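To start, the structure itself, in structure tokens.
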Amino acid sequence: MPFTHFKTQMKRFSLTDLMSLRKKKFFRAPQWELKLGVRIFLGFVVLYFLAVFLSLGIGGYYLLSKHYPDTDPILLINPFLGFYFAVDLMLRYFFQALPVTEVKSLLLHPISKKAIVQGVLLRSLGSIFNALPLVVLLPFCIVFSIENGINFSLWIWFLALFCLSLSANFFTFLILKDNKKAAVFLVVLLLGYLLDYFFGLSISAYFARGLDLIYQNGFWALVPAGVLATSVVLAHNFLKQQLFLDKGLSKKKERIVGSNLQFFDRWEHMGFFLKNDLRLIIRNIRPRQVVLTGVLFLFYGLFFFTQDRYFDLPAALVFSGLFITGGFMITFGQYVPAWDSEYYSFLMCQNVAYRKYLKSKLYLMMFSVVVSSTLALPYLFFGSKVMLVIWAAGIFNFGFGSMITLYSGAFNTNPIRLNIKAKAFENTQNFSFIQLVFMLPKLILPLLVFYLPYQFFGFSGGLLGLVGVGLAGLLFQKQLLTLIVKTYQKKKYQTLQSFSKSVS
Amino acid sequence: MIQVTHLTKKYSGKVVLEIPDLQIPRGQKFGLVGNNGAGKTTLFSLLLDLIEASSGSVSINGIPVQTSEAWKPFTAAYIDESYLMGYLTVEEYYHFLGNLRGVAKEEITSWVQDFEPFFNGEILGQKKYLRDFSKGNQKKAGIVGALIGKPALVILDEPFANLDPTTQIRLKKLIQEEAEKNSTTFLISSHDLTHVTEVCDRIVLLEKGVVIKDIETTPETLKQLETYFSN
């Protein structure tokens with residue numbers, strides 16, 4: 001008996017199909033109208049940065065040729081590129097992710113694995129990191145060509161760099177899912193830096209010499225081209241191997257961390273909630289990313305305090321003080337209660353009064369302000385004036401800023417998937433206009449609180465203003481909390497509804 | 001225990017649930033059956049104040065759920081895995097619940113040992129987070145979690161689905177024992193008519209948001225229900 005002939009030819013799953021899926025995903029997500037607005041807003045932000053980079057590229061040429069009229073600007077740039085690529089790789093590692101859920105949903109359908117992998121690789125090209133060499137180097141090279149006439153070696157140099165940048169994009173996939181490889185990679189980067197710094201064995205100098213070579217003899221550009229080709233092949237094969245539920249698409253099974261937090265048991269209920277929130281932070285990817293941002297804010301002061309022109313601008317000092325002491329408070333606090341969105345309905349029928357729940361979040365934020373203010377101690381290096389400003393801002397954040405942040409959370413109804421990475425410039429899911437609107441009281445208000453008394457009573461008057469409002473916040477914590485609880489209760493059903501909508 | 005009065009729920013003008021009057025006495029094992037979209041989960045969500053009623057009210061033990069939170073201390077539920085905190089281990093989750101319901105850590109640790117047969121050795125002492133458990137094991141962990149602190153009212157949505165046959169049978173026994181020992185009121189929705197008629201002493205059949213049948217379970221109930229659903 002002959003076999004039944006089943007159709008075995010697979011339909012080509014084209015890029016347009018993929019795009020149409022992406023489109024549907026976007027327009028059918030909860031609150032997509034808002035997200036569209038946010039995208040448009042972010043679009044302007046990106047445009048702004050684009051303009052900055054463009055001017056960097058164009059202005060860079062003139063700047064270099066003005067200050068070093070006798071040297072070829074390319075040779076001046078090359079020494080910095082090694083460092084650039086190292087940082088580039090690191091950033092990519094933190095922000096690039098394999099789109100697991102999307103890939104998973106395609107696996108069962110008659111789409112070849114090759115097509116899926118190609119789709120993933122193609123999409124990764126749209127990453128913002130790949131655009132950077134285009135927006136900076138391309139205008140630079142165009143200006144160079146206009147000023148000096150068409151120069152083939154220049155364009156070969158440009159293409160070589162572009163190849164390297166894309167290779168970085170593909171190589172990142174190889175280390176994404178493997179902690180060991182990633183660790184090795186980070187150690188290598190660190191070793192390179194140490195060798196450079198302590199032993200004068202400069203890898204970036206070798207790298208620069210290689211780039212010089214390419215610039216002088218275009219033949220050498222075959223090397224980066226080869227690197228790119230290798231990276232594509234490696235990434236392609238690697239991802240294809242990884243397209244199994246128990247491999248690249250699996251959840252990483254993790255060791256249990258943070259099970260011993262008995263330290264917090266001494267504060268009965270509060271300690272218990274704090275303990276849980278700490279577990280939430282250390283055991284999930286998203287909160288960890290946010291904490292990292294919060295830590296980066298600690299260094300925000302370096303930006304201001306090292307420049308004399310800001311030093312005499314008290315408002316700038318206050319501004320940085322607010323960020324130094326409140327970095328974590330703002331980045332983490334603005335997503336309360338979305339951190340608990342995955343099980344919010346569970347919490348809502350447990351024996352937790354809203355007040356207690358919110359109070360524990362408030363205490364977590366206040367706790368973080370204390371920690372940040374303590375960690376800010378090294379700023380004493382810039383003088384006692386700076387230290388006083390930071391701590392005054394800290395007291396403001398401790399008593400009052402934390403309240404505003406908590407209040408703003410009531411309007412945040414976008415769920416958060418705890419264990420999914422957020423991508424750079426794509427973090428629109430949890431970014432809302434309301435949060436933006438609340439940035440005003442979080443930042444403008446303290447500035448006013450400082451500035452008004454400052455105008456009349458001088459510097460210490462301004463500081464006292466900040467401290468006073470902070471203390472008032474503490475004094476009226478009970479009343480303010482009642483107000484916040486009422487707002488949260490009013491928003492409860494709406495919050496529950498949008499939290500229960502799945503996000504992916 | 002539960003009093004439902006003139007309860008309706010509308011979504012954009014369309015009525016999805018309409019219950020003029022429903023009373024559930026203390027200690028009853030109340031079974032809720034009905035096809036998909038009949039309004040079972042909607043009813044449970046209304047009882048737990050997770051969605052806002054369009055009109056009418058629910059009170060548990062005389063406490064209106066919409067205006068007070070005082071029903072929470074003696075009410076527990078397991079609806080789906082969103083009732084678990086994925087980043088905790090089972091033990092940590094139980095201690096969390098114990099803390100909320102005023103049960104000491106040591107007490108829970110010994111109490112939970114009684115459920116070893118139900119867990120079949122797959123829940124306790126596993127060095128992994130709840131999010132890494134299989135669906136069935138998540139459910140086992142969640143159901144037992146709902147029993148911590150001897151709540152007077154336990155609401156379980158589809159407790160039998162996703163469980164292996166052995167566990168289904170053990171779950172039936174578990175519910176009966178708990179109800180007997182602590183006169184717990186159980187609200188159970190299920191698509192499995194055999195199980196639900198076996199466990200519950202009252203069956204309410206919902207269709208399109210309306211109560212069609214409200215019967216005390218007798219040996220004939222299963223037949224009756226099967227006849228109803230096959231038409």
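By order in the structure tokens, chains are A, B, ...; within a chain, residues start at 1; ligands start at 1, following the order shown.
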
Legend entry - DSSP alpha helix (DSSP H) residues within range 41-219 of chain B, as a PyMOL selection string: chain B and resi 41-47+90-100+105-111+116-119+135-146+165-182+193-199

Inset, instruction - Return as a list in words the residues belonging to chain A that are within 8 Å of chain B, counting only C-alpha atoms. - result: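 Written out as asked, the residues are Lys251, Lys253, Glu254, Arg255, Ile256, Arg279, Leu280, Arg283, Asn284, Glu342, Tyr343, Tyr344, Ser345, Phe346, Leu347, Met348, Cys349, Gln350, Asn351, Val352, Ala353, Tyr493, Leu496 and Gln497 of chain A.
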
What would the file look like if the residues just selected were written as an mmCIF file, in the first residue's frame with C-alpha atoms?
data_model
loop_
_atom_site.group_PDB
_atom_site.id
_atom_site.type_symbol
_atom_site.label_atom_id
_atom_site.label_comp_id
_atom_site.auth_asym_id
_atom_site.auth_seq_id
_atom_site.Cartn_x
_atom_site.Cartn_y
_atom_site.Cartn_z
ATOM 1 C CA LYS A 251 14.625 28.919 32.141
ATOM 2 C CA LYS A 253 17.568 26.865 37.033
ATOM 3 C CA GLU A 254 19.077 28.896 39.743
ATOM 4 C CA ARG A 255 20.617 28.224 43.066
ATOM 5 C CA ILE A 256 18.559 29.386 45.995
ATOM 6 C CA ARG A 279 14.261 38.294 47.899
ATOM 7 C CA LEU A 280 12.231 39.748 45.058
ATOM 8 C CA ARG A 283 16.106 36.592 42.680
ATOM 9 C CA ASN A 284 14.641 38.292 39.625
ATOM 10 C CA GLU A 342 2.423 38.609 38.905
ATOM 11 C CA TYR A 343 0.527 37.651 42.059
ATOM 12 C CA TYR A 344 -1.367 40.814 42.892
ATOM 13 C CA SER A 345 -4.769 39.151 43.035
ATOM 14 C CA PHE A 346 -3.318 36.661 45.510
ATOM 15 C CA LEU A 347 -2.077 39.474 47.721
ATOM 16 C CA MET A 348 -5.440 41.179 47.507
ATOM 17 C CA CYS A 349 -7.231 38.282 49.141
ATOM 18 C CA GLN A 350 -4.625 37.645 51.787
ATOM 19 C CA ASN A 351 -4.718 38.871 55.303
ATOM 20 C CA VAL A 352 -2.702 41.977 54.470
ATOM 21 C CA ALA A 353 -4.322 45.323 54.919
ATOM 22 C CA TYR A 493 -9.935 46.976 40.441
ATOM 23 C CA LEU A 496 -6.020 44.159 39.182
ATOM 24 C CA GLN A 497 -7.531 44.082 35.739
#

Inset, instruction - Could you please determine the separation between CA of Leu91 in chain A and CA of Asn130 in chain A in Å, to one decimal place? - result: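 Separation between CA of Leu91 in chain A and CA of Asn130 in chain A: 11.8 Å.
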
Legend entry - Residue neighbourhood Glu18 in chain B, 8 Å, only C-alpha atoms, exclusion window fewer than 4 positions, as a PyMOL selection string: chain B and resi 6-9+209-210

Keeping only N, CA and C atoms, take the residues you just selected and write them out as a PDB file, in the first residue's frame.
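Full text of out.pdb as output:
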ATOM      1  N   HIS B   6     -28.618  40.148  44.815  1.00  0.00           N
ATOM      2  CA  HIS B   6     -28.813  40.924  43.575  1.00  0.00           C
ATOM      3  C   HIS B   6     -27.506  41.203  42.847  1.00  0.00           C
ATOM      4  N   LEU B   7     -26.651  40.209  42.789  1.00  0.00           N
ATOM      5  CA  LEU B   7     -25.318  40.432  42.228  1.00  0.00           C
ATOM      6  C   LEU B   7     -25.349  40.361  40.702  1.00  0.00           C
ATOM      7  N   THR B   8     -24.853  41.398  40.030  1.00  0.00           N
ATOM      8  CA  THR B   8     -24.693  41.328  38.578  1.00  0.00           C
ATOM      9  C   THR B   8     -23.320  41.841  38.189  1.00  0.00           C
ATOM     10  N   LYS B   9     -22.840  41.308  37.071  1.00  0.00           N
ATOM     11  CA  LYS B   9     -21.593  41.814  36.505  1.00  0.00           C
ATOM     12  C   LYS B   9     -21.798  42.002  35.020  1.00  0.00           C
ATOM     13  N   GLY B 209     -24.094  32.818  33.063  1.00  0.00           N
ATOM     14  CA  GLY B 209     -24.177  33.717  34.207  1.00  0.00           C
ATOM     15  C   GLY B 209     -25.409  33.575  35.066  1.00  0.00           C
ATOM     16  N   VAL B 210     -26.228  32.560  34.782  1.00  0.00           N
ATOM     17  CA  VAL B 210     -27.469  32.400  35.539  1.00  0.00           C
ATOM     18  C   VAL B 210     -27.467  31.025  36.206  1.00  0.00           C
TER      19      VAL B 210
END

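With only C-alpha atoms as the atoms that count, the residue of B:Phe229, B:Thr197, B:Thr67, B:Tyr94 with the shortest distance to Glu216 in chain B is B:Thr197.
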
Legend entry - Selection: 10 Å around Ala179 in chain B, only C-alpha atoms, excl. self and same-chain fewer than 3 positions, as a ChimeraX atom specification: /B:27-29,152-154,173-176,182-186

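Minimum distance to Lys492 in chain A across B:Ser59, B:Gln66, B:Asn231, B:Pro165 (counting only C-alpha atoms) occurs at B:Gln66.
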
Inset, instruction - Name the residues in contact with Glu226 in chain B at a cut-off of 12 Å, using only C-alpha atoms, excluding same-chain residues fewer than 5 positions from it; report them as an NGL selection string. - result: :B and (33-34 or 191-194 or 197 or 205 or 220-221 or 231)

Any chance you can output those residues with N, CA and C atoms as an mmCIF file, in the first residue's frame?
data_model
loop_
_atom_site.group_PDB
_atom_site.id
_atom_site.type_symbol
_atom_site.label_atom_id
_atom_site.label_comp_id
_atom_site.auth_asym_id
_atom_site.auth_seq_id
_atom_site.Cartn_x
_atom_site.Cartn_y
_atom_site.Cartn_z
ATOM 1 N N VAL B 33 -20.511 24.100 38.880
ATOM 2 C CA VAL B 33 -20.209 23.529 37.569
ATOM 3 C C VAL B 33 -20.810 24.397 36.478
ATOM 4 N N GLY B 34 -20.363 24.190 35.276
ATOM 5 C CA GLY B 34 -20.845 24.979 34.152
ATOM 6 C C GLY B 34 -19.812 24.987 33.046
ATOM 7 N N HIS B 191 -14.771 21.022 36.155
ATOM 8 C CA HIS B 191 -15.368 20.445 34.954
ATOM 9 C C HIS B 191 -15.522 18.939 35.114
ATOM 10 N N ASP B 192 -14.934 18.419 36.186
ATOM 11 C CA ASP B 192 -14.994 16.981 36.384
ATOM 12 C C ASP B 192 -16.212 16.648 37.242
ATOM 13 N N LEU B 193 -17.293 16.199 36.589
ATOM 14 C CA LEU B 193 -18.562 16.005 37.294
ATOM 15 C C LEU B 193 -18.466 14.901 38.342
ATOM 16 N N THR B 194 -17.711 13.847 38.036
ATOM 17 C CA THR B 194 -17.593 12.745 38.986
ATOM 18 C C THR B 194 -16.989 13.227 40.299
ATOM 19 N N THR B 197 -19.256 15.882 42.240
ATOM 20 C CA THR B 197 -20.442 15.345 42.915
ATOM 21 C C THR B 197 -20.048 14.455 44.090
ATOM 22 N N LEU B 205 -25.338 24.793 39.212
ATOM 23 C CA LEU B 205 -24.976 24.762 37.808
ATOM 24 C C LEU B 205 -25.222 26.142 37.208
ATOM 25 N N GLU B 220 -28.154 10.274 42.538
ATOM 26 C CA GLU B 220 -28.607 10.481 41.155
ATOM 27 C C GLU B 220 -28.015 11.736 40.511
ATOM 28 N N THR B 221 -27.403 12.572 41.337
ATOM 29 C CA THR B 221 -26.964 13.878 40.839
ATOM 30 C C THR B 221 -26.069 13.775 39.609
ATOM 31 N N ASN B 231 -26.934 17.401 26.450
ATOM 32 C CA ASN B 231 -27.879 18.036 25.508
ATOM 33 C C ASN B 231 -27.358 19.377 25.008
#

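Proximity to Pro337 in chain A was assessed for A:Lys491, A:Lys275, A:Lys486, A:His236 counting only C-alpha atoms; the smallest distance is recorded for A:Lys491.
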
Legend entry - Long-range neighbours of Glu116 in chain B as a PyMOL selection string, 12 Å cut-off, only C-alpha atoms, 6 positions minimum in chain: chain B and resi 109-110+122-125+140-141+144+167+170+174

Please, could you write that set of residues out with N, CA, C and O atoms as a CSV table (one decimal), in the first residue's frame?
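Output file again-v6.csv is given in full below:
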chain,number,residue,atom,x,y,z
B,109,THR,N,6.0,24.1,59.7
B,109,THR,CA,7.0,23.1,59.3
B,109,THR,C,6.5,21.7,59.7
B,109,THR,O,6.6,20.8,59.0
B,110,SER,N,5.9,21.6,60.9
B,110,SER,CA,5.4,20.3,61.3
B,110,SER,C,4.1,20.0,60.7
B,110,SER,O,3.8,18.9,60.3
B,122,GLU,N,7.3,15.4,46.0
B,122,GLU,CA,7.8,16.3,44.9
B,122,GLU,C,7.8,17.8,45.3
B,122,GLU,O,8.1,18.6,44.4
B,123,ILE,N,7.3,18.1,46.5
B,123,ILE,CA,7.1,19.5,46.8
B,123,ILE,C,8.1,20.0,47.8
B,123,ILE,O,8.9,20.9,47.6
B,124,LEU,N,8.2,19.3,49.0
B,124,LEU,CA,9.0,19.8,50.1
B,124,LEU,C,10.4,19.5,49.8
B,124,LEU,O,10.8,18.5,49.2
B,125,GLY,N,11.3,20.4,50.3
B,125,GLY,CA,12.7,20.1,50.3
B,125,GLY,C,13.3,20.1,48.9
B,125,GLY,O,14.5,19.7,48.7
B,140,LYS,N,-0.5,21.7,43.5
B,140,LYS,CA,-0.5,21.0,44.8
B,140,LYS,C,0.0,22.0,45.9
B,140,LYS,O,-0.6,22.1,46.9
B,141,ALA,N,1.1,22.7,45.6
B,141,ALA,CA,1.7,23.6,46.6
B,141,ALA,C,0.7,24.7,46.9
B,141,ALA,O,0.5,25.0,48.1
B,144,VAL,N,-2.4,23.4,49.1
B,144,VAL,CA,-2.1,23.2,50.5
B,144,VAL,C,-1.8,24.6,51.2
B,144,VAL,O,-2.2,24.8,52.3
B,167,THR,N,-3.2,11.9,42.7
B,167,THR,CA,-3.4,13.2,43.5
B,167,THR,C,-4.8,13.6,43.5
B,167,THR,O,-5.3,14.2,44.5
B,170,ARG,N,-6.4,11.7,46.2
B,170,ARG,CA,-6.0,12.2,47.5
B,170,ARG,C,-6.6,13.6,47.8
B,170,ARG,O,-6.8,13.9,48.9
B,174,LEU,N,-8.6,14.8,51.0
B,174,LEU,CA,-8.1,15.9,51.8
B,174,LEU,C,-9.2,16.9,52.1
B,174,LEU,O,-9.3,17.4,53.2

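Counting only C-alpha atoms, the residue from B:Glu177, B:Gly145, B:Pro25, B:Gly31 that sits nearest to His195 in chain B is B:Gly31.
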
Inset, instruction - Identify, on the basis of only C-alpha atoms, every residue whose closest approach to range 207-213 of chain A does not exceed 9 Å; exclude the query and any residue fewer than 4 positions from it along the same chain; express the result as a list of chain:residue names. - result: A:Ile74, A:Leu75, A:Ile77, A:Asn78, A:Pro79, A:Phe80, A:Leu81, A:Gly82, A:Trp157, A:Ala160, A:Leu161, A:Ser202, A:Ile203, A:Asn217, A:Gly218, A:Trp220, A:Ala221

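Nearest to Lys150 in chain B of all the residues B:Pro20, B:Pro117, B:Gly98, B:Gly39 is B:Gly98, based on only C-alpha atoms.
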
Legend entry - Å distance separating CA of Lys135 in chain B from CA of Asn162 in chain B, one decimal place: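 About the pair CA of Lys135 in chain B and CA of Asn162 in chain B: they are 7.0 Å apart.
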
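Closest approach to Leu159 in chain A among A:Pro139, A:Gly192, A:Pro224, A:Gly294 is made by A:Pro224 (distances from only C-alpha atoms).
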
Inset, instruction - Check range 20-193 of chain B with DSSP on the backbone and list each residue it calls strand (DSSP E), as a PyMOL selection string. - result: chain B and resi 20-24+29-33+55-60+63-64+75-78+153-157+185-189

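Note that CA of Lys359 in chain A and CA of Phe450 in chain A are 27.1 Å apart.
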